[in-house]
Each structure stands twice: as C-alpha cells, then as structure tokens.
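*Asks:* Here you go, this is protein.csv (CSV, N, CA and C atoms).
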chain,number,residue,atom,x,y,z
A,7,MET,N,17.7,-0.3,-2.8
A,7,MET,CA,16.5,0.6,-2.9
A,7,MET,C,16.4,1.1,-4.4
A,8,GLN,N,15.2,1.0,-4.9
A,8,GLN,CA,14.9,1.5,-6.2
A,8,GLN,C,14.0,2.7,-6.1
A,9,THR,N,14.1,3.7,-7.1
A,9,THR,CA,13.4,4.9,-7.0
A,9,THR,C,12.7,5.2,-8.4
A,10,PHE,N,11.5,5.8,-8.3
A,10,PHE,CA,11.0,6.3,-9.6
A,10,PHE,C,10.2,7.6,-9.2
A,11,GLU,N,9.9,8.4,-10.2
A,11,GLU,CA,9.2,9.6,-10.0
A,11,GLU,C,7.9,9.6,-10.7
A,12,ILE,N,6.8,10.1,-10.1
A,12,ILE,CA,5.5,10.3,-10.7
A,12,ILE,C,5.3,11.8,-10.9
A,13,LYS,N,5.3,12.3,-12.1
A,13,LYS,CA,5.3,13.7,-12.4
A,13,LYS,C,3.9,14.2,-12.5
A,14,SER,N,2.9,13.4,-12.8
A,14,SER,CA,1.5,13.8,-12.9
A,14,SER,C,0.6,12.6,-12.7
A,15,LEU,N,-0.7,12.9,-12.5
A,15,LEU,CA,-1.7,11.8,-12.3
A,15,LEU,C,-1.8,11.0,-13.6
A,16,ASP,N,-1.5,11.6,-14.7
A,16,ASP,CA,-1.5,10.8,-16.0
A,16,ASP,C,-0.5,9.7,-16.0
A,17,GLN,N,0.5,9.7,-15.2
A,17,GLN,CA,1.5,8.7,-15.1
A,17,GLN,C,1.2,7.6,-14.1
A,18,LEU,N,0.1,7.6,-13.4
A,18,LEU,CA,-0.2,6.6,-12.4
A,18,LEU,C,-0.2,5.2,-12.9
A,19,GLY,N,-0.8,5.0,-14.0
A,19,GLY,CA,-0.9,3.6,-14.6
A,19,GLY,C,0.5,3.1,-14.8
A,20,GLN,N,1.3,3.9,-15.5
A,20,GLN,CA,2.7,3.5,-15.7
A,20,GLN,C,3.5,3.3,-14.4
A,21,ALA,N,3.2,4.1,-13.4
A,21,ALA,CA,3.9,4.0,-12.1
A,21,ALA,C,3.5,2.7,-11.5
A,22,ALA,N,2.3,2.3,-11.5
A,22,ALA,CA,1.8,1.1,-11.0
A,22,ALA,C,2.5,-0.1,-11.6
A,23,ARG,N,2.6,-0.1,-13.0
A,23,ARG,CA,3.3,-1.1,-13.7
A,23,ARG,C,4.7,-1.2,-13.3
A,24,THR,N,5.4,0.0,-13.2
A,24,THR,CA,6.8,0.0,-12.8
A,24,THR,C,6.9,-0.6,-11.4
A,25,PHE,N,6.1,-0.2,-10.5
A,25,PHE,CA,6.1,-0.7,-9.1
A,25,PHE,C,6.0,-2.2,-9.1
A,26,LEU,N,5.0,-2.8,-9.8
A,26,LEU,CA,4.8,-4.2,-9.8
A,26,LEU,C,5.9,-5.0,-10.4
A,27,SER,N,6.6,-4.4,-11.4
A,27,SER,CA,7.7,-5.1,-12.0
A,27,SER,C,8.9,-5.1,-11.1
A,28,MET,N,9.0,-4.1,-10.2
A,28,MET,CA,10.1,-4.0,-9.2
A,28,MET,C,9.9,-5.1,-8.1
A,29,VAL,N,8.7,-5.4,-7.7
A,29,VAL,CA,8.4,-6.1,-6.5
A,29,VAL,C,7.9,-7.5,-6.8
A,30,LYS,N,8.2,-8.1,-7.9
A,30,LYS,CA,7.7,-9.4,-8.3
A,30,LYS,C,8.0,-10.4,-7.2
A,31,GLY,N,6.9,-11.2,-6.8
A,31,GLY,CA,7.1,-12.2,-5.8
A,31,GLY,C,6.7,-11.7,-4.4
A,32,ASN,N,6.7,-10.4,-4.2
A,32,ASN,CA,6.3,-9.8,-2.9
A,32,ASN,C,4.9,-9.4,-2.9
A,33,LYS,N,4.3,-9.6,-1.7
A,33,LYS,CA,2.8,-9.3,-1.6
A,33,LYS,C,2.5,-8.4,-0.4
A,34,THR,N,3.4,-8.1,0.5
A,34,THR,CA,3.1,-7.2,1.6
A,34,THR,C,3.9,-5.9,1.5
A,35,PHE,N,3.2,-4.8,1.5
A,35,PHE,CA,3.8,-3.5,1.3
A,35,PHE,C,3.4,-2.5,2.4
A,36,ALA,N,4.4,-1.9,2.9
A,36,ALA,CA,4.3,-0.9,4.0
A,36,ALA,C,4.5,0.5,3.4
A,37,PHE,N,3.5,1.3,3.4
A,37,PHE,CA,3.6,2.7,2.8
A,37,PHE,C,3.9,3.7,3.9
A,38,TYR,N,4.8,4.6,3.6
A,38,TYR,CA,5.2,5.7,4.5
A,38,TYR,C,5.2,7.0,3.7
A,39,GLY,N,4.8,8.0,4.4
A,39,GLY,CA,4.8,9.3,3.8
A,39,GLY,C,3.8,10.2,4.5
A,40,PRO,N,4.0,11.5,4.4
A,40,PRO,CA,3.1,12.4,5.1
A,40,PRO,C,1.7,12.4,4.6
A,41,MET,N,0.8,12.9,5.3
A,41,MET,CA,-0.6,13.1,4.9
A,41,MET,C,-0.6,13.8,3.6
A,42,GLY,N,-1.4,13.3,2.6
A,42,GLY,CA,-1.5,14.0,1.3
A,42,GLY,C,-0.4,13.7,0.4
A,43,SER,N,0.5,12.8,0.7
A,43,SER,CA,1.7,12.5,-0.2
A,43,SER,C,1.3,11.6,-1.4
A,44,GLY,N,0.2,10.9,-1.3
A,44,GLY,CA,-0.3,10.1,-2.4
A,44,GLY,C,-0.3,8.6,-2.2
A,45,LYS,N,-0.2,8.2,-0.9
A,45,LYS,CA,-0.2,6.8,-0.6
A,45,LYS,C,-1.4,6.1,-1.2
A,46,THR,N,-2.6,6.6,-0.8
A,46,THR,CA,-3.9,6.0,-1.3
A,46,THR,C,-4.0,6.0,-2.8
A,47,THR,N,-3.6,7.1,-3.4
A,47,THR,CA,-3.6,7.3,-4.9
A,47,THR,C,-2.8,6.2,-5.6
A,48,LEU,N,-1.6,6.0,-5.1
A,48,LEU,CA,-0.7,5.0,-5.7
A,48,LEU,C,-1.3,3.6,-5.5
A,49,ILE,N,-1.7,3.3,-4.3
A,49,ILE,CA,-2.3,2.0,-4.0
A,49,ILE,C,-3.5,1.7,-4.9
A,50,LYS,N,-4.3,2.7,-5.1
A,50,LYS,CA,-5.5,2.6,-6.0
A,50,LYS,C,-5.0,2.2,-7.4
A,51,ALA,N,-4.0,2.9,-7.9
A,51,ALA,CA,-3.5,2.5,-9.3
A,51,ALA,C,-2.9,1.1,-9.3
A,52,ILE,N,-2.2,0.7,-8.2
A,52,ILE,CA,-1.6,-0.6,-8.2
A,52,ILE,C,-2.8,-1.7,-8.2
A,53,CYS,N,-3.8,-1.5,-7.4
A,53,CYS,CA,-4.9,-2.4,-7.3
A,53,CYS,C,-5.6,-2.5,-8.6
A,54,GLN,N,-5.8,-1.4,-9.3
A,54,GLN,CA,-6.4,-1.4,-10.6
A,54,GLN,C,-5.5,-2.2,-11.6
A,55,GLU,N,-4.2,-2.0,-11.5
A,55,GLU,CA,-3.3,-2.8,-12.4
A,55,GLU,C,-3.4,-4.3,-12.1
A,56,LEU,N,-3.6,-4.6,-10.9
A,56,LEU,CA,-3.8,-6.0,-10.5
A,56,LEU,C,-5.1,-6.6,-10.9
A,57,GLY,N,-6.0,-5.7,-11.4
A,57,GLY,CA,-7.3,-6.2,-11.9
A,57,GLY,C,-8.5,-6.2,-11.0
A,58,THR,N,-8.4,-5.3,-10.0
A,58,THR,CA,-9.6,-5.2,-9.1
A,58,THR,C,-10.8,-4.8,-9.8
A,59,THR,N,-11.9,-5.3,-9.4
A,59,THR,CA,-13.2,-4.9,-10.0
A,59,THR,C,-14.0,-4.0,-9.1
A,60,ASP,N,-13.4,-3.7,-7.9
A,60,ASP,CA,-14.1,-2.9,-6.9
A,60,ASP,C,-13.6,-1.5,-7.0
A,61,THR,N,-14.4,-0.6,-6.4
A,61,THR,CA,-14.0,0.8,-6.2
A,61,THR,C,-13.1,0.9,-5.1
A,62,ILE,N,-11.9,1.5,-5.3
A,62,ILE,CA,-10.9,1.6,-4.3
A,62,ILE,C,-11.0,2.9,-3.6
A,63,THR,N,-11.2,2.9,-2.2
A,63,THR,CA,-11.3,4.1,-1.4
A,63,THR,C,-10.4,4.0,-0.2
A,64,SER,N,-10.1,5.0,0.4
A,64,SER,CA,-9.3,5.0,1.6
A,64,SER,C,-10.0,4.3,2.7
A,65,PRO,N,-9.3,3.4,3.4
A,65,PRO,CA,-10.0,2.7,4.5
A,65,PRO,C,-9.7,3.5,5.9
A,66,SER,N,-9.7,4.8,5.8
A,66,SER,CA,-9.3,5.6,7.0
A,66,SER,C,-10.3,5.3,8.2
A,67,PHE,N,-11.5,5.1,7.9
A,67,PHE,CA,-12.5,4.9,9.0
A,67,PHE,C,-12.8,3.4,9.2
A,68,ALA,N,-12.8,2.6,8.2
A,68,ALA,CA,-13.0,1.2,8.3
A,68,ALA,C,-11.8,0.4,8.7
A,69,LEU,N,-10.6,1.0,8.6
A,69,LEU,CA,-9.3,0.5,8.9
A,69,LEU,C,-8.8,-0.6,7.8
A,70,VAL,N,-9.8,-1.4,7.3
A,70,VAL,CA,-9.4,-2.4,6.3
A,70,VAL,C,-10.5,-2.4,5.2
A,71,ASN,N,-10.0,-2.3,4.0
A,71,ASN,CA,-10.9,-2.6,2.8
A,71,ASN,C,-10.4,-3.8,2.1
A,72,GLU,N,-11.4,-4.6,1.6
A,72,GLU,CA,-11.1,-5.8,0.9
A,72,GLU,C,-11.6,-5.6,-0.5
A,73,TYR,N,-10.7,-5.9,-1.5
A,73,TYR,CA,-11.1,-5.8,-2.9
A,73,TYR,C,-10.9,-7.1,-3.6
A,74,ARG,N,-11.6,-7.4,-4.6
A,74,ARG,CA,-11.4,-8.6,-5.4
A,74,ARG,C,-11.0,-8.3,-6.8
A,75,THR,N,-10.2,-9.1,-7.4
A,75,THR,CA,-9.8,-9.0,-8.7
A,75,THR,C,-10.7,-9.8,-9.6
A,76,ARG,N,-10.6,-9.6,-11.0
A,76,ARG,CA,-11.4,-10.3,-11.9
A,76,ARG,C,-11.2,-11.8,-11.8
A,77,ASN,N,-10.1,-12.3,-11.3
A,77,ASN,CA,-9.8,-13.7,-11.2
A,77,ASN,C,-10.1,-14.2,-9.8
A,78,GLY,N,-10.7,-13.4,-8.9
A,78,GLY,CA,-11.2,-13.8,-7.6
A,78,GLY,C,-10.1,-13.6,-6.5
A,79,GLU,N,-9.0,-13.1,-6.8
A,79,GLU,CA,-7.9,-12.9,-5.8
A,79,GLU,C,-8.4,-11.8,-4.9
A,80,VAL,N,-8.0,-11.9,-3.6
A,80,VAL,CA,-8.4,-10.9,-2.6
A,80,VAL,C,-7.2,-10.0,-2.3
A,81,LEU,N,-7.4,-8.7,-2.3
A,81,LEU,CA,-6.4,-7.7,-2.0
A,81,LEU,C,-6.9,-7.0,-0.7
A,82,TYR,N,-6.0,-6.7,0.2
A,82,TYR,CA,-6.3,-6.0,1.4
A,82,TYR,C,-5.6,-4.7,1.4
A,83,HIS,N,-6.3,-3.6,1.9
A,83,HIS,CA,-5.8,-2.3,2.0
A,83,HIS,C,-6.1,-1.8,3.4
A,84,LEU,N,-5.1,-1.6,4.2
A,84,LEU,CA,-5.2,-1.1,5.5
A,84,LEU,C,-4.7,0.3,5.7
A,85,ASP,N,-5.4,1.0,6.5
A,85,ASP,CA,-5.0,2.4,6.9
A,85,ASP,C,-4.9,2.4,8.4
A,86,LEU,N,-3.7,2.5,9.0
A,86,LEU,CA,-3.5,2.4,10.4
A,86,LEU,C,-3.4,3.7,11.1
A,87,TYR,N,-3.7,4.8,10.4
A,87,TYR,CA,-3.6,6.2,11.0
A,87,TYR,C,-4.3,6.3,12.3
A,88,ARG,N,-5.5,5.7,12.4
A,88,ARG,CA,-6.2,5.8,13.7
A,88,ARG,C,-5.9,4.8,14.7
A,89,ILE,N,-4.9,3.9,14.5
A,89,ILE,CA,-4.5,2.9,15.4
A,89,ILE,C,-3.6,3.6,16.5
A,90,ASN,N,-4.0,3.4,17.8
A,90,ASN,CA,-3.2,4.1,18.9
A,90,ASN,C,-2.3,3.1,19.6
A,91,SER,N,-2.5,1.8,19.4
A,91,SER,CA,-1.6,0.9,20.2
A,91,SER,C,-1.5,-0.4,19.4
A,92,VAL,N,-0.5,-1.2,19.7
A,92,VAL,CA,-0.3,-2.5,19.1
A,92,VAL,C,-1.5,-3.4,19.5
A,93,ASP,N,-2.0,-3.2,20.7
A,93,ASP,CA,-3.2,-4.0,21.1
A,93,ASP,C,-4.4,-3.9,20.1
A,94,GLU,N,-4.6,-2.7,19.6
A,94,GLU,CA,-5.6,-2.5,18.6
A,94,GLU,C,-5.4,-3.4,17.3
A,95,LEU,N,-4.1,-3.6,17.0
A,95,LEU,CA,-3.8,-4.4,15.8
A,95,LEU,C,-4.1,-5.9,16.1
A,96,TYR,N,-3.9,-6.3,17.4
A,96,TYR,CA,-4.2,-7.7,17.8
A,96,TYR,C,-5.8,-7.8,17.7
A,97,ASP,N,-6.5,-6.8,18.2
A,97,ASP,CA,-8.0,-6.9,18.1
A,97,ASP,C,-8.5,-6.9,16.7
A,98,LEU,N,-7.8,-6.2,15.8
A,98,LEU,CA,-8.1,-6.2,14.4
A,98,LEU,C,-7.9,-7.5,13.7
A,99,GLY,N,-7.1,-8.4,14.3
A,99,GLY,CA,-6.7,-9.6,13.7
A,99,GLY,C,-5.7,-9.5,12.6
A,100,TYR,N,-4.6,-8.7,12.9
A,100,TYR,CA,-3.6,-8.3,11.9
A,100,TYR,C,-3.0,-9.6,11.3
A,101,GLU,N,-2.9,-10.7,12.0
A,101,GLU,CA,-2.2,-11.9,11.5
A,101,GLU,C,-2.9,-12.3,10.2
A,102,GLU,N,-4.2,-12.2,10.1
A,102,GLU,CA,-4.9,-12.7,8.9
A,102,GLU,C,-4.4,-11.9,7.6
A,103,TYR,N,-4.1,-10.6,7.9
A,103,TYR,CA,-3.7,-9.7,6.8
A,103,TYR,C,-2.2,-9.8,6.5
A,104,PHE,N,-1.4,-9.7,7.6
A,104,PHE,CA,0.1,-9.6,7.5
A,104,PHE,C,0.7,-10.9,7.1
A,105,LEU,N,0.1,-12.0,7.5
A,105,LEU,CA,0.8,-13.3,7.4
A,105,LEU,C,0.1,-14.2,6.4
A,106,GLY,N,-0.8,-13.7,5.6
A,106,GLY,CA,-1.5,-14.5,4.6
A,106,GLY,C,-0.8,-14.5,3.3
A,107,ASP,N,-1.5,-15.0,2.3
A,107,ASP,CA,-0.9,-15.1,0.9
A,107,ASP,C,-1.4,-14.1,0.0
A,108,ASN,N,-2.2,-13.1,0.5
A,108,ASN,CA,-2.9,-12.1,-0.4
A,108,ASN,C,-2.0,-10.9,-0.5
A,109,PHE,N,-2.2,-10.1,-1.5
A,109,PHE,CA,-1.6,-8.7,-1.5
A,109,PHE,C,-2.1,-7.9,-0.4
A,110,VAL,N,-1.2,-7.2,0.3
A,110,VAL,CA,-1.6,-6.4,1.5
A,110,VAL,C,-0.9,-5.0,1.3
A,111,PHE,N,-1.6,-4.0,1.3
A,111,PHE,CA,-1.1,-2.6,1.2
A,111,PHE,C,-1.4,-1.9,2.5
A,112,ILE,N,-0.4,-1.5,3.2
A,112,ILE,CA,-0.6,-0.9,4.6
A,112,ILE,C,-0.1,0.6,4.6
A,113,GLU,N,-1.1,1.5,4.8
A,113,GLU,CA,-0.7,2.9,5.0
A,113,GLU,C,-0.5,3.1,6.5
A,114,TRP,N,0.4,4.1,6.7
A,114,TRP,CA,0.8,4.4,8.1
A,114,TRP,C,1.3,3.2,8.8
A,115,ALA,N,2.2,2.5,8.1
A,115,ALA,CA,2.7,1.2,8.6
A,115,ALA,C,3.6,1.4,9.8
A,116,GLU,N,4.1,2.6,10.1
A,116,GLU,CA,4.9,2.8,11.3
A,116,GLU,C,4.1,2.5,12.6
A,117,ARG,N,2.8,2.5,12.5
A,117,ARG,CA,1.9,2.1,13.6
A,117,ARG,C,1.9,0.6,14.0
A,118,ALA,N,2.5,-0.1,13.0
A,118,ALA,CA,2.5,-1.6,13.2
A,118,ALA,C,3.9,-2.0,13.6
A,119,HIS,N,4.7,-1.1,14.2
A,119,HIS,CA,6.1,-1.4,14.5
A,119,HIS,C,6.3,-2.7,15.2
A,120,GLY,N,7.2,-3.5,14.6
A,120,GLY,CA,7.5,-4.8,15.2
A,120,GLY,C,6.6,-6.0,14.8
A,121,LEU,N,5.5,-5.7,14.1
A,121,LEU,CA,4.5,-6.7,13.7
A,121,LEU,C,4.6,-7.1,12.2
A,122,LEU,N,5.3,-6.2,11.4
A,122,LEU,CA,5.3,-6.5,10.0
A,122,LEU,C,6.3,-7.6,9.7
A,123,PRO,N,5.9,-8.5,8.8
A,123,PRO,CA,6.8,-9.6,8.4
A,123,PRO,C,8.1,-9.1,7.8
A,124,GLY,N,9.2,-9.9,8.0
A,124,GLY,CA,10.5,-9.4,7.5
A,124,GLY,C,10.5,-9.3,6.0
A,125,SER,N,9.6,-9.9,5.3
A,125,SER,CA,9.6,-9.8,3.8
A,125,SER,C,8.8,-8.6,3.3
A,126,THR,N,8.3,-7.7,4.2
A,126,THR,CA,7.5,-6.6,3.8
A,126,THR,C,8.4,-5.6,3.0
A,127,VAL,N,7.8,-5.2,1.9
A,127,VAL,CA,8.5,-4.1,1.0
A,127,VAL,C,8.1,-2.8,1.6
A,128,LYS,N,9.1,-2.0,1.8
A,128,LYS,CA,8.9,-0.6,2.4
A,128,LYS,C,8.8,0.4,1.2
A,129,VAL,N,7.8,1.2,1.2
A,129,VAL,CA,7.5,2.2,0.1
A,129,VAL,C,7.4,3.5,0.7
A,130,ARG,N,8.3,4.4,0.4
A,130,ARG,CA,8.3,5.8,0.9
A,130,ARG,C,7.9,6.7,-0.3
A,131,ILE,N,7.0,7.6,0.0
A,131,ILE,CA,6.5,8.6,-1.0
A,131,ILE,C,6.7,10.0,-0.4
A,132,GLU,N,7.4,10.8,-1.2
A,132,GLU,CA,7.7,12.2,-0.8
A,132,GLU,C,7.3,13.1,-1.9
A,133,GLU,N,6.9,14.3,-1.6
A,133,GLU,CA,6.7,15.3,-2.6
A,133,GLU,C,8.1,15.8,-3.1
A,134,SER,N,8.2,15.9,-4.4
A,134,SER,CA,9.5,16.3,-4.9
A,134,SER,C,9.4,17.6,-5.8
A,135,GLY,N,8.4,18.4,-5.5
A,135,GLY,CA,8.3,19.7,-6.2
A,135,GLY,C,7.4,19.6,-7.4
A,136,ASN,N,6.7,20.7,-7.8
A,136,ASN,CA,5.8,20.8,-9.0
A,136,ASN,C,4.8,19.7,-9.0
A,137,LYS,N,4.3,19.3,-7.8
A,137,LYS,CA,3.2,18.3,-7.6
A,137,LYS,C,3.7,16.9,-8.0
A,138,SER,N,4.9,16.7,-8.2
A,138,SER,CA,5.4,15.3,-8.5
A,138,SER,C,5.8,14.6,-7.2
A,139,ARG,N,5.9,13.3,-7.3
A,139,ARG,CA,6.2,12.5,-6.1
A,139,ARG,C,7.4,11.6,-6.4
A,140,LEU,N,8.2,11.4,-5.4
A,140,LEU,CA,9.3,10.5,-5.5
A,140,LEU,C,9.0,9.3,-4.7
A,141,VAL,N,9.1,8.1,-5.3
A,141,VAL,CA,8.7,6.9,-4.7
A,141,VAL,C,10.0,6.0,-4.5
A,142,GLN,N,10.3,5.7,-3.3
A,142,GLN,CA,11.4,4.8,-3.0
A,142,GLN,C,10.9,3.5,-2.5
A,143,VAL,N,11.4,2.4,-3.2
A,143,VAL,CA,10.9,1.1,-2.9
A,143,VAL,C,12.1,0.3,-2.4
A,144,ASP,N,12.0,-0.1,-1.1
A,144,ASP,CA,13.1,-0.9,-0.4
A,144,ASP,C,12.7,-2.4,-0.4
A,145,ILE,N,13.2,-3.2,-1.2
A,145,ILE,CA,12.9,-4.6,-1.3
A,145,ILE,C,13.8,-5.4,-0.5
Please rewrite the model in this file as structure tokens.

*Replies:*
Amino acid sequence: MQTFEIKSLDQLGQAARTFLSMVKGNKTFAFYGPMGSGKTTLIKAICQELGTTDTITSPSFALVNEYRTRNGEVLYHLDLYRINSVDELYDLGYEEYFLGDNFVFIEWAERAHGLLPGSTVKVRIEESGNKSRLVQVDI
C-alpha cells in the first residue's frame, strides 16, 4: 500500500500525477471514503491529468459519466451510491465498464461487492485534519 497526502486544493494536479505514477498499467479504480471526503474531486484531477476535454461532474444521478480525452480515449466515472442491489449493476451493464480496456473510476465501490475485477486498485480517502486528505492506494 502506498500513501500520499493532499494538503490543499492547489496540490490536486500534483496529487493526480503522483497517483498516476503509482498505478501505471492499471485502469480500474475503486474509491472508498465517507461522503465529502474528496473522491469526486480527486477523480476530476486524475481525468484532467489524463487529458479529458470534457467537464467532469459527479455521476450521482446518472450513475455513469463518460469522458473523452484529447486522443479519443474513453474514461468512465461511476457513482454507485444510489445502487441498492447487485441486480441493479447487472441492469446497468457493469461488465462493459468493469471488464473493458478503458480507465474506470468507481465511487462507492463497496456497492459492487464481488463484481470488481481482481486487478482493481483500491483507493481510500480520509480526512486527516486541517482540510487535508490522506490517500491510500492499494495496488
């Protein structure tokens, strides 16, 4: 497990670069942390670092947002907070997202218990005082 701290919003770009250097070769990421811990904010910075040309927003109501990078690569951002059962993930067509070759960022990944690929990188975000965040990356 590797850890880094984000002390302010000004450090998000560097945090995204640090994250991407840690996870080279991995493309599926499960994000864990309490509401308001910064999952969406970090994912936004990572997507920007990957070169997305789209506006990144929380997919809380849509469940899945699709973004494109400048070179045409597709990034998926899922928010499973409103998922109540594994059956809903089957209805969503989770296989397309979880088992494809695209970058996939999954918030509230605990709702997909048992469906995440074994290669999924687990990312835990916790408040660590003074508005900073501790990010633990389990590769």

*Asks:* Contacts between range 110-119 of chain A and range 77-98 of chain A, please, where a residue of range 77-98 of chain A counts if it comes within 7 Å (with only N, CA and C atoms); show its shortest atom pair and distance in Å to one decimal, rows by chain and ascending number, as a tab-separated table.

*Replies:*
residue	atom	partner	partner_atom	distance
A:Leu81	CA	A:Val110	N	5.7
A:Tyr82	C	A:Phe111	N	4.1
A:His83	CA	A:Phe111	C	4.4
A:Leu84	C	A:Glu113	N	3.9
A:Asp85	CA	A:Glu113	N	4.5
A:Leu86	N	A:Glu113	C	4.1
A:Tyr87	N	A:Trp114	CA	5.1
A:Ile89	C	A:Arg117	CA	6.4
A:Ser91	C	A:Arg117	C	6.5
A:Val92	CA	A:Arg117	C	6.4

*Asks:* Show which residues sit within 12 Å of Gly124 in chain A, as a VMD selection string. Count only C-alpha atoms, and ignore same-chain residues fewer than 3 positions away.

*Replies:* chain A and resid 32 to 36 104 to 105 119 to 121 127 to 128 144 to 145

*Asks:* Can you work out the spacing between atom N of Leu95 in chain A and atom C of Arg130 in chain A in Å, to one decimal?

*Replies:*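 Going from atom N of Leu95 in chain A over to atom C of Arg130 in chain A, I get 23.4 Å.
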
*Asks:* Give me the residues near Thr63 in chain A as a list of chain:residue names, where near means some atom within 12 Å (using only C-alpha atoms) and where sequence neighbours in that chain fewer than 4 positions away do not count.

*Replies:* A:Lys45, A:Thr46, A:Thr47, A:Leu48, A:Ile49, A:Lys50, A:Ala51, A:Cys53, A:Gln54, A:Phe67, A:Ala68, A:Leu69, A:Val70, A:Asn71, A:Glu72, A:Tyr73, A:Tyr82, A:His83, A:Leu84, A:Asp85

*Asks:* For the atom pair atom N of Glu11 in chain A and atom N of Glu132 in chain A, what is the interatomic distance in Å to one decimal place?

*Replies:*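 If I compute the distance from atom N of Glu11 in chain A to atom N of Glu132 in chain A, I get 9.6 Å.
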
*Asks:* Would you please work out which residue, of A:Pro65, A:Gly39, A:Gly19, A:Gly31, is nearest to Ile52 in chain A when using only C-alpha atoms?

*Replies:* A:Gly19

*Asks:* Point out the residue among A:Gly99, A:Arg76, A:Phe25, A:Ser134 with the least atom-to-atom distance to Thr59 in chain A, counting all atoms listed in the file.

*Replies:*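 Of all the options, A:Arg76 lies closest to Thr59 in chain A.
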
*Asks:* Name the residues of chain A that come out as strand (DSSP E or B) in a backbone DSSP run; write them as a ChimeraX atom specification.

*Replies:* /A:8-12,34-38,58,70-75,80-85,109-113,127-133,139-144

*Asks:* Output N, CA and C atoms for every residue in the selection just made, as a short mmCIF file (atom, residue, chain, number, x, y, z; two decimals), in the coordinates of the input.

*Replies:*
data_model
loop_
_atom_site.label_atom_id
_atom_site.label_comp_id
_atom_site.auth_asym_id
_atom_site.auth_seq_id
_atom_site.Cartn_x
_atom_site.Cartn_y
_atom_site.Cartn_z
N GLN A 8 15.20 1.00 -4.90
CA GLN A 8 14.90 1.50 -6.20
C GLN A 8 14.00 2.70 -6.10
N THR A 9 14.10 3.70 -7.10
CA THR A 9 13.40 4.90 -7.00
C THR A 9 12.70 5.20 -8.40
N PHE A 10 11.50 5.80 -8.30
CA PHE A 10 11.00 6.30 -9.60
C PHE A 10 10.20 7.60 -9.20
N GLU A 11 9.90 8.40 -10.20
CA GLU A 11 9.20 9.60 -10.00
C GLU A 11 7.90 9.60 -10.70
N ILE A 12 6.80 10.10 -10.10
CA ILE A 12 5.50 10.30 -10.70
C ILE A 12 5.30 11.80 -10.90
N THR A 34 3.40 -8.10 0.50
CA THR A 34 3.10 -7.20 1.60
C THR A 34 3.90 -5.90 1.50
N PHE A 35 3.20 -4.80 1.50
CA PHE A 35 3.80 -3.50 1.30
C PHE A 35 3.40 -2.50 2.40
N ALA A 36 4.40 -1.90 2.90
CA ALA A 36 4.30 -0.90 4.00
C ALA A 36 4.50 0.50 3.40
N PHE A 37 3.50 1.30 3.40
CA PHE A 37 3.60 2.70 2.80
C PHE A 37 3.90 3.70 3.90
N TYR A 38 4.80 4.60 3.60
CA TYR A 38 5.20 5.70 4.50
C TYR A 38 5.20 7.00 3.70
N THR A 58 -8.40 -5.30 -10.00
CA THR A 58 -9.60 -5.20 -9.10
C THR A 58 -10.80 -4.80 -9.80
N VAL A 70 -9.80 -1.40 7.30
CA VAL A 70 -9.40 -2.40 6.30
C VAL A 70 -10.50 -2.40 5.20
N ASN A 71 -10.00 -2.30 4.00
CA ASN A 71 -10.90 -2.60 2.80
C ASN A 71 -10.40 -3.80 2.10
N GLU A 72 -11.40 -4.60 1.60
CA GLU A 72 -11.10 -5.80 0.90
C GLU A 72 -11.60 -5.60 -0.50
N TYR A 73 -10.70 -5.90 -1.50
CA TYR A 73 -11.10 -5.80 -2.90
C TYR A 73 -10.90 -7.10 -3.60
N ARG A 74 -11.60 -7.40 -4.60
CA ARG A 74 -11.40 -8.60 -5.40
C ARG A 74 -11.00 -8.30 -6.80
N THR A 75 -10.20 -9.10 -7.40
CA THR A 75 -9.80 -9.00 -8.70
C THR A 75 -10.70 -9.80 -9.60
N VAL A 80 -8.00 -11.90 -3.60
CA VAL A 80 -8.40 -10.90 -2.60
C VAL A 80 -7.20 -10.00 -2.30
N LEU A 81 -7.40 -8.70 -2.30
CA LEU A 81 -6.40 -7.70 -2.00
C LEU A 81 -6.90 -7.00 -0.70
N TYR A 82 -6.00 -6.70 0.20
CA TYR A 82 -6.30 -6.00 1.40
C TYR A 82 -5.60 -4.70 1.40
N HIS A 83 -6.30 -3.60 1.90
CA HIS A 83 -5.80 -2.30 2.00
C HIS A 83 -6.10 -1.80 3.40
N LEU A 84 -5.10 -1.60 4.20
CA LEU A 84 -5.20 -1.10 5.50
C LEU A 84 -4.70 0.30 5.70
N ASP A 85 -5.40 1.00 6.50
CA ASP A 85 -5.00 2.40 6.90
C ASP A 85 -4.90 2.40 8.40
N PHE A 109 -2.20 -10.10 -1.50
CA PHE A 109 -1.60 -8.70 -1.50
C PHE A 109 -2.10 -7.90 -0.40
N VAL A 110 -1.20 -7.20 0.30
CA VAL A 110 -1.60 -6.40 1.50
C VAL A 110 -0.90 -5.00 1.30
N PHE A 111 -1.60 -4.00 1.30
CA PHE A 111 -1.10 -2.60 1.20
C PHE A 111 -1.40 -1.90 2.50
N ILE A 112 -0.40 -1.50 3.20
CA ILE A 112 -0.60 -0.90 4.60
C ILE A 112 -0.10 0.60 4.60
N GLU A 113 -1.10 1.50 4.80
CA GLU A 113 -0.70 2.90 5.00
C GLU A 113 -0.50 3.10 6.50
N VAL A 127 7.80 -5.20 1.90
CA VAL A 127 8.50 -4.10 1.00
C VAL A 127 8.10 -2.80 1.60
N LYS A 128 9.10 -2.00 1.80
CA LYS A 128 8.90 -0.60 2.40
C LYS A 128 8.80 0.40 1.20
N VAL A 129 7.80 1.20 1.20
CA VAL A 129 7.50 2.20 0.10
C VAL A 129 7.40 3.50 0.70
N ARG A 130 8.30 4.40 0.40
CA ARG A 130 8.30 5.80 0.90
C ARG A 130 7.90 6.70 -0.30
N ILE A 131 7.00 7.60 0.00
CA ILE A 131 6.50 8.60 -1.00
C ILE A 131 6.70 10.00 -0.40
N GLU A 132 7.40 10.80 -1.20
CA GLU A 132 7.70 12.20 -0.80
C GLU A 132 7.30 13.10 -1.90
N GLU A 133 6.90 14.30 -1.60
CA GLU A 133 6.70 15.30 -2.60
C GLU A 133 8.10 15.80 -3.10
N ARG A 139 5.90 13.30 -7.30
CA ARG A 139 6.20 12.50 -6.10
C ARG A 139 7.40 11.60 -6.40
N LEU A 140 8.20 11.40 -5.40
CA LEU A 140 9.30 10.50 -5.50
C LEU A 140 9.00 9.30 -4.70
N VAL A 141 9.10 8.10 -5.30
CA VAL A 141 8.70 6.90 -4.70
C VAL A 141 10.00 6.00 -4.50
N GLN A 142 10.30 5.70 -3.30
CA GLN A 142 11.40 4.80 -3.00
C GLN A 142 10.90 3.50 -2.50
N VAL A 143 11.40 2.40 -3.20
CA VAL A 143 10.90 1.10 -2.90
C VAL A 143 12.10 0.30 -2.40
N ASP A 144 12.00 -0.10 -1.10
CA ASP A 144 13.10 -0.90 -0.40
C ASP A 144 12.70 -2.40 -0.40
#

*Asks:* Report the distance between atom C of Gln20 in chain A and CA of Tyr103 in chain A in Å, rounded to one decimal place.

*Replies:*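 These atoms are spaced 25.9 Å apart.
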